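With compact mmCIF, C-alpha atoms and all ligand atoms inside, this is target10.txt:
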```txt
# COMPACT_ATOMS: atom_id res chain seq x y z
CA MET A 13 0.00 0.00 0.00
CA THR A 14 1.32 3.48 -0.80
CA MET A 15 0.53 6.59 1.21
CA ASN A 16 -0.04 9.73 -0.74
CA VAL A 17 2.68 12.21 0.18
CA GLU A 18 2.48 15.79 -1.01
CA PRO A 19 5.69 17.83 -1.24
CA ASN A 20 5.76 20.79 1.15
CA ARG A 21 5.07 23.77 -1.13
CA SER A 22 6.66 26.33 1.17
CA PHE A 23 10.01 24.50 1.08
CA ASP A 24 12.55 26.32 -1.10
CA LEU A 25 14.36 23.43 -2.79
CA ARG A 26 16.35 25.71 -5.06
CA ALA A 27 17.88 27.57 -2.09
CA TYR A 28 18.44 24.29 -0.21
CA LEU A 29 20.36 22.84 -3.16
CA SER A 30 22.38 25.93 -3.89
CA ILE A 31 23.59 26.31 -0.27
CA ARG A 32 24.67 22.67 -0.14
CA ARG A 33 26.28 22.76 -3.58
CA ALA A 34 28.38 25.74 -2.56
CA ARG A 35 29.48 23.97 0.65
CA ILE A 36 30.35 20.77 -1.22
CA ASP A 37 32.24 22.63 -3.95
CA ALA A 38 34.29 24.59 -1.40
CA THR A 39 35.09 21.44 0.58
CA LEU A 40 36.08 19.47 -2.53
CA GLU A 41 38.38 22.32 -3.51
CA SER A 42 40.00 22.29 -0.06
CA TYR A 43 40.44 18.48 -0.09
CA LEU A 44 42.29 18.45 -3.39
CA ALA A 45 45.00 21.10 -3.29
CA ILE A 46 47.61 20.66 -6.01
CA GLU A 47 50.65 18.58 -5.09
CA GLU A 48 53.18 16.58 -7.11
CA PRO A 49 52.78 15.11 -9.67
CA ARG A 50 51.10 18.31 -10.69
CA ALA A 51 49.71 16.95 -13.97
CA LEU A 52 47.84 14.22 -12.10
CA TYR A 53 46.28 16.63 -9.59
CA GLU A 54 45.31 18.96 -12.41
CA ALA A 55 43.58 16.13 -14.26
CA MET A 56 41.72 15.09 -11.08
CA ARG A 57 40.62 18.66 -10.34
CA TYR A 58 39.68 19.28 -13.99
CA SER A 59 36.70 16.90 -13.81
CA LEU A 60 35.94 17.09 -10.09
CA LEU A 61 35.64 20.87 -9.98
CA ALA A 62 33.81 21.22 -13.29
CA GLY A 63 30.36 21.70 -11.80
CA GLY A 64 27.83 18.90 -11.79
CA LYS A 65 24.62 18.87 -9.84
CA ARG A 66 26.22 17.29 -6.75
CA LEU A 67 23.06 15.20 -6.33
CA ARG A 68 24.76 12.26 -4.61
CA PRO A 69 26.55 14.27 -1.89
CA ILE A 70 23.37 16.29 -1.31
CA LEU A 71 21.40 13.07 -0.84
CA CYS A 72 24.03 11.90 1.64
CA LEU A 73 23.79 15.12 3.67
CA ALA A 74 19.97 15.11 3.54
CA ALA A 75 19.77 11.52 4.79
CA CYS A 76 22.19 12.31 7.62
CA GLU A 77 20.04 15.35 8.49
CA LEU A 78 16.96 13.11 8.60
CA ALA A 79 18.61 10.47 10.78
CA GLY A 80 20.58 12.52 13.27
CA PRO A 81 21.28 15.91 14.75
CA ARG A 82 24.28 17.03 12.62
CA ALA A 83 24.52 16.72 8.84
CA GLU A 84 28.04 18.20 9.03
CA ILE A 85 29.59 14.88 10.12
CA ALA A 86 28.71 13.44 6.69
CA LEU A 87 30.54 16.14 4.72
CA PRO A 88 33.80 14.17 4.13
CA THR A 89 31.77 11.14 3.00
CA ALA A 90 29.54 13.31 0.79
CA CYS A 91 32.65 14.73 -0.93
CA ALA A 92 34.19 11.27 -1.25
CA ILE A 93 31.02 10.07 -2.99
CA GLU A 94 31.31 12.90 -5.51
CA MET A 95 34.89 11.74 -6.18
CA ILE A 96 33.70 8.19 -6.86
CA HIS A 97 30.96 9.51 -9.15
CA THR A 98 33.41 11.76 -11.03
CA MET A 99 35.82 8.87 -11.39
CA SER A 100 33.07 6.80 -13.00
CA LEU A 101 32.28 9.62 -15.44
CA ILE A 102 35.94 9.98 -16.46
CA HIS A 103 36.26 6.26 -17.14
CA ASP A 104 32.84 6.07 -18.81
CA ASP A 105 33.98 8.70 -21.33
CA LEU A 106 37.16 6.83 -22.34
CA PRO A 107 37.50 5.54 -25.93
CA ALA A 108 37.27 1.94 -24.65
CA MET A 109 33.83 2.74 -23.17
CA ASP A 110 31.48 5.51 -24.31
CA ASP A 111 34.14 7.49 -26.18
CA GLY A 112 32.70 10.86 -25.18
CA ASP A 113 33.98 14.27 -26.26
CA TYR A 114 32.22 16.55 -23.77
CA ARG A 115 31.21 16.22 -20.14
CA ARG A 116 29.94 18.83 -17.70
CA GLY A 117 30.14 21.46 -20.43
CA ARG A 118 33.83 20.94 -21.23
CA LEU A 119 36.08 18.53 -23.10
CA THR A 120 36.22 15.10 -21.48
CA ASN A 121 39.20 14.35 -19.28
CA HIS A 122 41.07 12.21 -21.82
CA LYS A 123 40.48 14.75 -24.61
CA MET A 124 42.07 17.41 -22.41
CA HIS A 125 44.77 15.46 -20.54
CA GLY A 126 45.32 12.33 -22.63
CA GLU A 127 44.15 8.77 -21.98
CA ALA A 128 46.88 7.68 -19.58
CA LEU A 129 46.35 10.63 -17.22
CA ALA A 130 42.55 10.31 -17.44
CA ILE A 131 42.76 6.66 -16.34
CA LEU A 132 45.14 7.54 -13.52
CA ALA A 133 43.08 10.57 -12.46
CA GLY A 134 40.05 8.28 -12.16
CA ASP A 135 42.02 5.67 -10.22
CA SER A 136 43.40 8.36 -7.91
CA LEU A 137 39.97 9.86 -7.22
CA LEU A 138 38.64 6.43 -6.28
CA ALA A 139 41.56 5.66 -3.94
CA HIS A 140 41.51 9.18 -2.47
CA SER A 141 37.79 8.95 -1.72
CA PHE A 142 38.28 6.02 0.67
CA GLU A 143 41.30 7.63 2.31
CA LEU A 144 39.19 10.75 2.90
CA ILE A 145 36.40 8.85 4.61
CA ALA A 146 38.82 6.96 6.83
CA ARG A 147 40.88 10.00 7.82
CA ARG A 148 38.38 12.86 7.93
CA THR A 149 35.26 11.35 9.45
CA VAL A 150 35.19 12.51 13.06
CA GLY A 151 32.64 12.52 15.88
CA VAL A 152 30.99 9.18 15.05
CA PRO A 153 31.71 5.64 16.31
CA ALA A 154 34.32 3.93 14.08
CA GLN A 155 31.81 1.15 13.41
CA ARG A 156 29.66 3.60 11.41
CA THR A 157 32.63 4.72 9.32
CA LEU A 158 33.46 1.09 8.55
CA ALA A 159 29.85 0.43 7.52
CA VAL A 160 30.00 3.42 5.15
CA ILE A 161 33.26 2.17 3.59
CA ALA A 162 31.65 -1.24 3.06
CA GLU A 163 28.52 0.32 1.53
CA LEU A 164 30.51 2.47 -0.91
CA GLY A 165 32.97 -0.29 -1.78
CA ARG A 166 30.06 -2.50 -2.72
CA ALA A 167 28.41 0.24 -4.78
CA ALA A 168 31.58 0.91 -6.80
CA GLY A 169 32.60 -2.69 -7.45
CA PRO A 170 31.31 -5.67 -9.43
CA ARG A 171 27.89 -5.62 -7.74
CA GLY A 172 27.50 -1.93 -8.52
CA LEU A 173 28.99 0.55 -10.98
CA ALA A 174 31.74 -1.62 -12.47
CA GLY A 175 29.44 -4.64 -12.89
CA GLY A 176 26.63 -2.51 -14.33
CA GLN A 177 29.02 -0.96 -16.83
CA VAL A 178 30.20 -4.40 -17.98
CA GLU A 179 26.60 -5.51 -18.51
CA ASP A 180 25.75 -2.28 -20.29
CA LEU A 181 28.71 -2.66 -22.67
CA ALA A 182 27.76 -6.30 -23.31
CA HIS A 183 24.25 -5.25 -24.39
CA GLU A 184 25.40 -2.33 -26.55
CA GLY A 185 23.88 -2.33 -30.00
CA LYS A 186 21.81 -5.47 -29.29
CA TYR A 187 18.10 -5.56 -29.87
CA GLY A 188 15.70 -7.41 -27.64
CA VAL A 189 17.06 -6.42 -24.22
CA GLY A 190 14.32 -7.31 -21.74
CA VAL A 191 13.05 -4.95 -19.09
CA GLU A 192 14.52 -7.15 -16.32
CA ALA A 193 18.02 -7.04 -17.79
CA LEU A 194 17.63 -3.31 -18.26
CA GLU A 195 16.53 -2.78 -14.68
CA ASP A 196 19.51 -4.79 -13.49
CA ILE A 197 21.93 -2.64 -15.52
CA HIS A 198 20.36 0.59 -14.24
CA THR A 199 20.20 -0.65 -10.67
CA ARG A 200 23.92 -1.35 -10.66
CA LYS A 201 25.21 1.38 -12.90
CA THR A 202 23.27 4.32 -11.51
CA GLY A 203 21.12 3.09 -8.64
CA ALA A 204 23.89 1.55 -6.54
CA LEU A 205 25.76 4.80 -5.89
CA LEU A 206 22.58 6.81 -5.28
CA GLU A 207 21.47 4.16 -2.80
CA ALA A 208 24.88 4.12 -1.10
CA SER A 209 24.81 7.93 -0.90
CA VAL A 210 21.53 7.93 1.01
CA LEU A 211 22.56 4.95 3.13
CA SER A 212 25.94 6.42 4.05
CA GLY A 213 24.30 9.60 5.32
CA ALA A 214 21.76 7.57 7.26
CA ILE A 215 24.44 5.33 8.81
CA LEU A 216 26.58 8.31 9.87
CA GLY A 217 23.50 9.99 11.36
CA GLY A 218 22.86 6.89 13.47
CA ALA A 219 19.68 5.64 11.74
CA ASP A 220 17.99 2.61 13.29
CA ALA A 221 17.21 -0.53 11.26
CA LEU A 222 13.70 0.56 10.27
CA THR A 223 14.80 4.01 9.14
CA THR A 224 17.66 2.46 7.17
CA ALA A 225 15.31 0.00 5.44
CA ARG A 226 12.85 2.76 4.48
CA LEU A 227 15.60 5.03 3.18
CA ARG A 228 17.10 2.17 1.18
CA ARG A 229 13.77 1.54 -0.53
CA TYR A 230 13.35 5.26 -1.23
CA ALA A 231 16.87 5.44 -2.71
CA GLN A 232 16.38 2.36 -4.88
CA ARG A 233 13.23 3.80 -6.40
CA LEU A 234 14.75 7.24 -6.79
CA GLY A 235 17.87 5.76 -8.42
CA LEU A 236 15.89 3.84 -11.01
CA ALA A 237 13.64 6.84 -11.71
CA PHE A 238 16.74 9.04 -12.08
CA GLN A 239 18.23 6.79 -14.77
CA ILE A 240 14.92 6.53 -16.67
CA VAL A 241 14.59 10.34 -16.60
CA ASP A 242 18.19 10.60 -17.84
CA ASP A 243 17.35 8.20 -20.71
CA ILE A 244 14.17 10.10 -21.60
CA LEU A 245 15.87 13.50 -21.57
CA ASP A 246 18.77 12.12 -23.62
CA LEU A 247 16.38 10.80 -26.23
CA THR A 248 14.10 13.83 -26.40
CA SER A 249 17.00 16.33 -26.55
CA THR A 250 18.72 14.29 -29.30
CA CYS A 251 15.49 14.08 -31.29
CA GLU A 252 14.81 17.79 -30.87
CA ALA A 253 18.33 18.51 -32.08
CA VAL A 254 17.89 16.52 -35.29
CA GLY A 255 14.21 17.41 -35.75
CA LYS A 256 12.97 13.80 -35.50
CA SER A 257 9.82 12.60 -33.83
CA VAL A 258 10.32 10.26 -30.90
CA GLY A 259 8.85 6.82 -30.67
CA LYS A 260 9.40 3.26 -29.52
CA ASP A 261 11.67 2.47 -32.44
CA ALA A 262 13.94 5.48 -32.02
CA SER A 263 17.33 3.87 -32.51
CA ALA A 264 19.75 3.88 -29.61
CA ARG A 265 23.18 2.38 -29.19
CA LYS A 266 22.54 1.68 -25.51
CA ALA A 267 19.78 -0.27 -23.84
CA THR A 268 17.40 2.37 -22.44
CA TYR A 269 13.89 2.40 -21.00
CA PRO A 270 12.43 4.45 -23.88
CA SER A 271 13.93 2.02 -26.41
CA VAL A 272 12.50 -0.99 -24.56
CA LEU A 273 9.17 0.30 -23.20
CA GLY A 274 8.48 3.34 -25.36
CA LEU A 275 8.32 6.93 -24.19
CA ALA A 276 4.82 7.03 -22.70
CA GLU A 277 5.33 3.89 -20.62
CA SER A 278 8.72 5.17 -19.44
CA HIS A 279 7.04 8.40 -18.23
CA ARG A 280 4.44 6.36 -16.38
CA HIS A 281 7.12 4.20 -14.81
CA VAL A 282 8.87 7.31 -13.47
CA GLU A 283 5.62 8.65 -12.02
CA VAL A 284 4.91 5.40 -10.19
CA LEU A 285 8.48 5.07 -8.87
CA ILE A 286 8.47 8.65 -7.58
CA GLU A 287 5.06 8.29 -5.95
CA HIS A 288 6.29 5.15 -4.17
CA ALA A 289 9.60 6.76 -3.24
CA MET A 290 7.76 9.66 -1.61
CA SER A 291 5.43 7.32 0.24
CA ASP A 292 8.48 5.45 1.65
CA LEU A 293 9.20 8.64 3.59
CA ALA A 294 5.67 9.36 4.85
CA CYS A 295 6.45 8.22 8.40
CA PHE A 296 9.27 10.77 8.82
CA GLY A 297 7.08 13.87 8.56
CA ASP A 298 8.93 17.20 8.23
CA ARG A 299 12.34 15.59 8.65
CA ALA A 300 11.95 14.12 5.16
CA THR A 301 10.94 17.39 3.47
CA PRO A 302 14.19 17.81 1.44
CA LEU A 303 14.23 14.16 0.29
CA VAL A 304 10.55 14.31 -0.68
CA ALA A 305 11.12 17.58 -2.56
CA LEU A 306 14.10 16.09 -4.39
CA ALA A 307 12.02 13.14 -5.56
CA ALA A 308 9.15 15.41 -6.64
CA SER A 309 11.53 17.64 -8.60
CA LEU A 310 12.78 14.63 -10.55
CA ALA A 311 9.26 13.87 -11.78
CA GLN A 312 8.74 17.57 -12.58
CA SER A 313 11.91 17.68 -14.68
CA LEU A 314 10.00 15.73 -17.35
CA GLY A 315 7.49 18.58 -17.62
C1 LIG A 401 33.64 3.00 -9.82
C2 LIG A 401 35.28 1.07 -9.87
C3 LIG A 401 34.36 1.98 -10.62
C4 LIG A 401 34.25 1.83 -11.96
C5 LIG A 401 33.44 2.69 -12.85
C6 LIG A 401 32.79 3.56 -15.90
C7 LIG A 401 32.02 2.86 -14.84
C8 LIG A 401 32.76 1.90 -13.94
C9 LIG A 401 30.70 3.05 -14.66
C10 LIG A 401 29.89 4.02 -15.40
C11 LIG A 401 28.86 4.59 -14.49
C12 LIG A 401 28.08 5.71 -15.12
C13 LIG A 401 28.80 6.74 -15.90
C14 LIG A 401 26.76 5.77 -14.92
C15 LIG A 401 25.90 6.85 -15.42
C16 LIG A 401 25.27 7.53 -14.26
C17 LIG A 401 24.67 8.87 -14.60
C18 LIG A 401 23.21 8.94 -14.86
C19 LIG A 401 25.46 9.94 -14.65
C20 LIG A 401 24.99 11.32 -14.77
O1 LIG A 401 24.85 11.78 -13.44
P1 LIG A 401 24.46 13.28 -13.13
O2 LIG A 401 23.32 13.69 -14.02
O3 LIG A 401 25.76 14.05 -13.59
O4 LIG A 401 24.23 13.40 -11.66
P2 LIG A 401 26.45 15.36 -12.94
O5 LIG A 401 27.45 15.80 -13.97
O6 LIG A 401 25.38 16.39 -12.68
O7 LIG A 401 27.12 14.90 -11.68
```

Re-express the file's structure as structure tokens.
Ligand code: GRG
Amino acid sequence: MTMNVEPNRSFDLRAYLSIRRARIDATLESYLAIEEPRALYEAMRYSLLAGGKRLRPILCLAACELAGPRAEIALPTACAIEMIHTMSLIHDDLPAMDDGDYRRGRLTNHKMHGEALAILAGDSLLAHSFELIARRTVGVPAQRTLAVIAELGRAAGPRGLAGGQVEDLAHEGKYGVGVEALEDIHTRKTGALLEASVLSGAILGGADALTTARLRRYAQRLGLAFQIVDDILDLTSTCEAVGKSVGKDASARKATYPSVLGLAESHRHVEVLIEHAMSDLACFGDRATPLVALAASLAQSLG
């Protein structure tokens, strides 16, 4: 059964996001001062400090705020999560994977710094993220920090991003990908890190088992909805750019929801996922306002 949850209309999501983005950006900058080898640090900073919505770290802070008294204790973890995410974007853009030219409004890392440095910048961001969590997390029992490291390690590895990317590459260009296979790819490739972001914040905030279970469900639904929205926006913006109409047979190199289910059904799927994600948070009342508003804004981004 789902409970109907209405977003709080007096909550200023835009201001909430912009304050947190600024804090995350400033902290990331301070965590990654240039050292030797300079070229490596410059390549790491090039992608990390190139903007981005900072959705994952914001989810981490918001979940910590819901679960405990001080969101601030999750700031090192939130920044580490953005490093893992950025690492995955750098590697995703490499010629051996998506072979992308532009990311976050600028040339991709390997186009700017060369392939070898782009690979090493990604590797360094991943390693640095775990060092950051271990060294900078203060004011919480060590057990919570260990649980966060386990959660994020799982999300990045073969059961999460890396595994999802392998499956995605294996399906590339193939017709007849079923909705189950597609959901599995999305759950690993995009959902796993979003889920770990929410969970990490909750763990650091001291969430009990019930709160953790509800937030996990919320994050799983949000993560899947996020990837479907990304697929829909990708398709509609590409079609607008070339003046084509969109439909179920719109060709796509990658397995996407619109290419498997069609556009209308993909929209409906997002609506249902978001409604359920919001109802997962009904029992938290005002404490869940930012997380509810974030979910609602995802559905609204489709117009
Ligand atoms: C982490 C060990 C490890 C390996 C990485 C390359 C790879 C394996 C995985 C690819 C994962 C990937 C690129 C998933 C796409 C997720 C996605 C929807 C990205 C866009 O996220 P936004 O919209 O981007 O939040 P910004 O730029 O705003 O942060």

* To do: Extract, using all atoms listed in the file, all DNA, RNA and protein residues at most 12 Å from Glu277 in chain A, discarding same-chain residues fewer than 6 positions from it, and format them as a list of chain:residue names.
  =>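 That gives A:Val191, A:Ile240, A:Val241, A:Ile244, A:Gly259, A:Lys260, A:Tyr269, A:Pro270, A:Ser271, A:Glu283, A:Val284.
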
* To do: Set the cut-off to 6 Å, count all atoms listed in the file, and list whatever residues fall near ligand LIG 401 (chain A) as a list in words.
  =>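 Those within range of ligand LIG 401 (chain A) are Gly64, Lys65, Arg66, Leu67, Ile96, Ser100, Leu101, His103, Asp104, Arg116, Ala168, Gly169, Leu173, Ala174, Gln177, Lys201, Thr202 and Gln239 of chain A.
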
Grab the residues selected above and save them as a PDB file, in the coordinates of the input with C-alpha atoms.
```pdb
ATOM      1  CA  GLY A  64      27.830  18.900 -11.790  1.00  0.00           C
ATOM      2  CA  LYS A  65      24.620  18.870  -9.840  1.00  0.00           C
ATOM      3  CA  ARG A  66      26.220  17.290  -6.750  1.00  0.00           C
ATOM      4  CA  LEU A  67      23.060  15.200  -6.330  1.00  0.00           C
ATOM      5  CA  ILE A  96      33.700   8.190  -6.860  1.00  0.00           C
ATOM      6  CA  SER A 100      33.070   6.800 -13.000  1.00  0.00           C
ATOM      7  CA  LEU A 101      32.280   9.620 -15.440  1.00  0.00           C
ATOM      8  CA  HIS A 103      36.260   6.260 -17.140  1.00  0.00           C
ATOM      9  CA  ASP A 104      32.840   6.070 -18.810  1.00  0.00           C
ATOM     10  CA  ARG A 116      29.940  18.830 -17.700  1.00  0.00           C
ATOM     11  CA  ALA A 168      31.580   0.910  -6.800  1.00  0.00           C
ATOM     12  CA  GLY A 169      32.600  -2.690  -7.450  1.00  0.00           C
ATOM     13  CA  LEU A 173      28.990   0.550 -10.980  1.00  0.00           C
ATOM     14  CA  ALA A 174      31.740  -1.620 -12.470  1.00  0.00           C
ATOM     15  CA  GLN A 177      29.020  -0.960 -16.830  1.00  0.00           C
ATOM     16  CA  LYS A 201      25.210   1.380 -12.900  1.00  0.00           C
ATOM     17  CA  THR A 202      23.270   4.320 -11.510  1.00  0.00           C
ATOM     18  CA  GLN A 239      18.230   6.790 -14.770  1.00  0.00           C
TER      19      GLN A 239
END
```

* Close residues, Arg233 in chain A itself excluded, 10 Å, only C-alpha atoms, min 2 positions apart in chain, as a list in words -> Thr199, Gly203, Leu206, Glu207, Leu227, Arg228, Arg229, Tyr230, Ala231, Gly235, Leu236, Ala237, Phe238, Val282, Val284, Leu285, Ile286, Glu287, His288, Ala289, Met290, Asp292 and Ala307 of chain A

Please dump the current selection as a PDB file, in the frame of the given file; keep C-alpha atoms.
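Writing done, so here's out-v2.pdb:
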```
ATOM      1  CA  THR A 199      20.200  -0.650 -10.670  1.00  0.00           C
ATOM      2  CA  GLY A 203      21.120   3.090  -8.640  1.00  0.00           C
ATOM      3  CA  LEU A 206      22.580   6.810  -5.280  1.00  0.00           C
ATOM      4  CA  GLU A 207      21.470   4.160  -2.800  1.00  0.00           C
ATOM      5  CA  LEU A 227      15.600   5.030   3.180  1.00  0.00           C
ATOM      6  CA  ARG A 228      17.100   2.170   1.180  1.00  0.00           C
ATOM      7  CA  ARG A 229      13.770   1.540  -0.530  1.00  0.00           C
ATOM      8  CA  TYR A 230      13.350   5.260  -1.230  1.00  0.00           C
ATOM      9  CA  ALA A 231      16.870   5.440  -2.710  1.00  0.00           C
ATOM     10  CA  GLY A 235      17.870   5.760  -8.420  1.00  0.00           C
ATOM     11  CA  LEU A 236      15.890   3.840 -11.010  1.00  0.00           C
ATOM     12  CA  ALA A 237      13.640   6.840 -11.710  1.00  0.00           C
ATOM     13  CA  PHE A 238      16.740   9.040 -12.080  1.00  0.00           C
ATOM     14  CA  VAL A 282       8.870   7.310 -13.470  1.00  0.00           C
ATOM     15  CA  VAL A 284       4.910   5.400 -10.190  1.00  0.00           C
ATOM     16  CA  LEU A 285       8.480   5.070  -8.870  1.00  0.00           C
ATOM     17  CA  ILE A 286       8.470   8.650  -7.580  1.00  0.00           C
ATOM     18  CA  GLU A 287       5.060   8.290  -5.950  1.00  0.00           C
ATOM     19  CA  HIS A 288       6.290   5.150  -4.170  1.00  0.00           C
ATOM     20  CA  ALA A 289       9.600   6.760  -3.240  1.00  0.00           C
ATOM     21  CA  MET A 290       7.760   9.660  -1.610  1.00  0.00           C
ATOM     22  CA  ASP A 292       8.480   5.450   1.650  1.00  0.00           C
ATOM     23  CA  ALA A 307      12.020  13.140  -5.560  1.00  0.00           C
TER      24      ALA A 307
END
```

* Between A:Val189, A:Leu137, A:Leu273, A:Ile197, which one has atoms that come closest to Ser59 in chain A, using all atoms listed in the file? ->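 Among A:Val189, A:Leu137, A:Leu273, A:Ile197, it is A:Leu137 that comes nearest to Ser59 in chain A.
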
* Do a neighbour search on range 55-57 of chain A at 12 Å with only C-alpha atoms, toss out local chain neighbours closer than 4 positions, and write the hits as a PyMOL selection string. => chain A and resi 37+40-51+61-63+94-96+98-99+101-102+119-141

* Asked: Taking only C-alpha atoms into account, which of A:Leu164, A:Arg118, A:Ala276, A:Glu179 comes nearest Tyr58 in chain A?
  ->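 Closest residue, counting only C-alpha atoms: A:Arg118.
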
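Pairwise distance (CA of Thr248 in chain A, CA of Val178 in chain A) equals 25.7 Å.
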
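Take CA of Asn16 in chain A and CA of Leu293 in chain A: the distance between them is 10.3 Å.
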
* To do: In the coordinates of the file, take the point (10.3, 12.4, 11.8) and a cut-off of 12 Å; then, counting all atoms listed in the file, name each qualifying protein, DNA or RNA residue as an NGL selection string.
  => :A and (75 or 77-81 or 219 or 223 or 293-301)

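For the choices A:Val160, A:Leu310, A:Val272, A:Leu222, the atom-to-atom distance to Leu245 in chain A is smallest for A:Leu310 when using all atoms listed in the file.
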
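The smallest atom-to-atom distance between Gly165 in chain A and any of A:Ser212, A:Ser22, A:Thr224, A:Gln312, using only C-alpha atoms, is found for A:Ser212.
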
Could the centre and edge lengths of an axis-aligned box, enclosing all atoms of range 230-245 of chain A in the file with 5 Å extra on each side, be given in Å to one decimal as AutoDock Vina command-line options?
```
--center_x 15.7 --center_y 7.9 --center_z -11.4 --size_x 15.0 --size_y 21.1 --size_z 30.4
```

* Counting all atoms listed in the file, which of A:Ala214, A:Ala311, A:Ile70, A:Val304 gets nearest to Ser278 in chain A? ->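 Comparing A:Ala214, A:Ala311, A:Ile70, A:Val304 against Ser278 in chain A, the winner is A:Ala311.
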
Return as JSON lines the residues of range 156-243 of chain A lying at most 7 Å from range 83-93 of chain A, together with the closest atom-to-atom pair for each and the distance in Å to one decimal, counting all atoms listed in the file, with rows in chain order and ascending residue number.
```
{"residue": "A:Ser209", "atom": "CA", "partner": "A:Ile93", "partner_atom": "CA", "distance": 6.9}
{"residue": "A:Gly213", "atom": "CA", "partner": "A:Ala86", "partner_atom": "CA", "distance": 6.0}
{"residue": "A:Leu216", "atom": "CA", "partner": "A:Ala86", "partner_atom": "CA", "distance": 6.4}
```

* Residue with smallest distance to Leu275 in chain A - pool A:Arg68, A:Leu314, A:Glu195, A:Leu303, counting all atoms listed in the file ->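 Using all atoms listed in the file, Leu275 in chain A sits closest to A:Leu314.
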